[in-house]
Amino acid sequence: MSGFRVEVRVMPRASLLDPQGQAVEHALQALGFGEIGAVRVGKHLVLQIQAATRDEAMARAKAMCDRLLANPVTEDYQLAVEAA
Amino acid sequence: MSRRVAVVVFPGSNCDADTLAAARAAGSDAYYVWHRDCDLQQADVVILPGGFSYGDYLRSGAIARFSPVMPAVTAHARSGGAVLGICNGFQILCEAGLLPGGLVRNARLKFLSRPVWVRVEAIDTPFTRAYAAGDVLEVPVAHGDGRYAADDRTLDALEEENRVVWRYVRDNPNGSARDIAGICNEARNVVGIMPHPERRNEAALGGEDGARVFLSMEARNATQHAVGVRAGSDRHLRV
């Protein structure tokens with residue numbers, strides 16, 4: 001078994017209004033960052049996982065996302081795995 | 001005979017006492033079930049009350065949905081038993097997959113604690129049969145994550161199957177899709193509502209528009225012609 005560090009990026013579904021992102025966008029504009037386009041706010045989770053291989057760590061992390069960490073109705077997620 | 005109504009208490013529930021009192025006022029034999037108990041004690045009806053279970057960590061309802069009591073709630077629902085989720089309870093039912101869609105952050109971000117108006121759209125559920133279709137109720141909301149969201153196909157199905165049970169009227173407080181305030185499942189025995197009927201079940205609380213949600217549980221044998229009963233005039237409705 002080896003240790004892996006899995007980063008999970010959970011974002012609100014693109015089709016859903018993200019009022020938090022909009023509020024941040026307006027705040028940046030108010031601060032004079034006129035170049036700002038759309039802002040979306042999501043969540044970033046970092047998991048330490050013990051697994052035999054990188055693929056297994058990825059598969060287990062995916063199962064965790066599907067079961068608990070992301071809600072497929074309202075959110076999308078991406079995973080990045082690296083050796084810890 | 002009174003119906004046995006289990007009010008499930010999660011860590012962070014804060015509407016459990018009001019919900020228990022509202023069910024009792026309607027004549028039900030209501031009692032608490034702690035979320036770590038796996039026995040619903042022969043409940044006829046299960047209510048998941050409002051609050052902030054597990055601090056709303058991760059997502060509202062996401063952790064409560066795995067509480068030890070939930071397999072029993074799911075089994076009760078799957079066997080046709082009546083289940084009502086109020087506010088956080090509605091969020092938990094969505095997270096658990098017992099109702100479609102999900103509840104996300106209010107469109108204008110603000111936590112809302114104020115009266116809203118909802119129209120009763122479906123009276124063929126265990127929690128609305130004492131209303132008349134089209135009744136407009138004044139009931140309070142108290143939520144930060146009350147915006148109902150689902151894909152268009154799900155929303156179309158809810159509309160076609162008349163599963164939107166309550167709809168916001170006058171204004172849509174949180175940006176909910178299609179002004180949805182409450183829905184039911186396909187079998188119509190599992191119902192979720194974002195506003196709090198238990199906070200408006202008697203005149204002393206500013207109104208009794210919510211009382212018939214609880215009176216409906218006792219009116220289980222009522223035909224739809226018997227829905228003229230009004231809360232307050234007959235608090236212990238028997239049929």
# chains A, B, ... in the order shown; residues from 1 in each chain; ligands from 1
call {"tool": "closest_atom_pairs", "arguments": {"of": "chain A", "to": "chain B", "cutoff": "12 Å", "atoms": "only C-alpha atoms", "output": "CSV"}}
result
residue,atom,partner,partner_atom,distance
A:Val10,CA,B:Leu58,CA,10.5
A:Pro12,CA,B:Val104,CA,9.4
A:Arg13,CA,B:Ala149,CA,10.4
A:Ala14,CA,B:Asp151,CA,11.7
A:Ser15,CA,B:Asp151,CA,8.9
A:Leu16,CA,B:Ala149,CA,7.9
A:Leu17,CA,B:Ala107,CA,7.3
A:Asp18,CA,B:Ala107,CA,7.7
A:Pro19,CA,B:Ala107,CA,5.6
A:Gln20,CA,B:Leu109,CA,7.0
A:Gly21,CA,B:Leu109,CA,10.5
A:Gln22,CA,B:Arg108,CA,9.8
A:Ala23,CA,B:Leu109,CA,8.7
A:Val24,CA,B:Leu109,CA,11.7
A:Val41,CA,B:Arg105,CA,11.9
A:Gly42,CA,B:Leu58,CA,11.2
A:Lys43,CA,B:Leu58,CA,8.9
A:His44,CA,B:Leu58,CA,10.8
A:Leu45,CA,B:Leu58,CA,10.1
A:Cys65,CA,B:Leu58,CA,11.6
A:Asp66,CA,B:Glu95,CA,11.7
A:Arg67,CA,B:Ala62,CA,9.7
A:Leu68,CA,B:Ala62,CA,6.9
A:Leu69,CA,B:Leu58,CA,7.3
A:Ala70,CA,B:Leu58,CA,8.6
A:Asn71,CA,B:Glu95,CA,7.6
A:Pro72,CA,B:Gly102,CA,9.4
A:Val73,CA,B:Gly101,CA,6.1
A:Thr74,CA,B:Gly102,CA,6.7
A:Glu75,CA,B:Val104,CA,10.1
call {"tool": "write_last_selection", "arguments": {"atoms": "C-alpha atoms", "output": "compact mmCIF listing (two decimals), in the first residue's frame"}}
result
# COMPACT_ATOMS: atom_id res chain seq x y z
CA VAL A 10 -16.32 20.39 -6.68
CA PRO A 12 -21.69 24.11 -9.02
CA ARG A 13 -23.20 22.79 -12.24
CA ALA A 14 -22.53 25.15 -15.13
CA SER A 15 -26.27 25.38 -15.83
CA LEU A 16 -27.03 26.53 -12.28
CA LEU A 17 -26.99 30.10 -11.08
CA ASP A 18 -23.99 30.62 -8.76
CA PRO A 19 -24.94 33.63 -6.62
CA GLN A 20 -21.75 33.34 -4.57
CA GLY A 21 -19.64 33.60 -7.72
CA GLN A 22 -21.69 36.57 -8.87
CA ALA A 23 -21.19 38.36 -5.55
CA VAL A 24 -17.41 37.86 -5.78
CA VAL A 41 -17.08 29.52 -6.49
CA GLY A 42 -16.67 25.85 -5.65
CA LYS A 43 -15.06 23.63 -3.04
CA HIS A 44 -11.64 22.08 -2.82
CA LEU A 45 -11.09 18.97 -0.73
CA CYS A 65 -17.38 11.69 -4.62
CA ASP A 66 -20.33 9.79 -6.08
CA ARG A 67 -21.48 8.69 -2.65
CA LEU A 68 -20.94 11.80 -0.55
CA LEU A 69 -18.54 14.52 -1.62
CA ALA A 70 -20.48 15.86 -4.61
CA ASN A 71 -24.18 15.94 -5.39
CA PRO A 72 -24.59 14.93 -9.04
CA VAL A 73 -27.83 16.91 -9.27
CA THR A 74 -26.22 20.24 -8.52
CA GLU A 75 -22.44 19.77 -8.77
call {"tool": "residues_around", "arguments": {"residues": "region 49-63 of chain A", "least_positions_apart": "2", "cutoff": "7 Å", "atoms": "only C-alpha atoms", "output": "PyMOL selection string"}}
result
chain A and resi 1-5+47+65-67+81
call {"tool": "select_by_dssp", "arguments": {"residues": "region 2-185 of chain B", "states": "alpha helix (DSSP H)", "output": "VMD selection string"}}
result
chain B and resid 16 to 25 70 to 78 88 to 95 152 to 160
call {"tool": "atom_distance", "arguments": {"atom1": "CA of Arg129 (chain B)", "atom2": "CA of Asn14 (chain B)"}}
result
26.5 Å
call {"tool": "residues_around", "arguments": {"residues": "Cys184 (chain B)", "least_positions_apart": "5", "cutoff": "9 Å", "atoms": "only C-alpha atoms", "output": "ChimeraX atom specification"}}
result
/B:99-100,125,158,162-165,189-193
call {"tool": "atom_distance", "arguments": {"atom1": "CA of Ile92 (chain B)", "atom2": "CA of Leu48 (chain B)"}}
result
8.0 Å
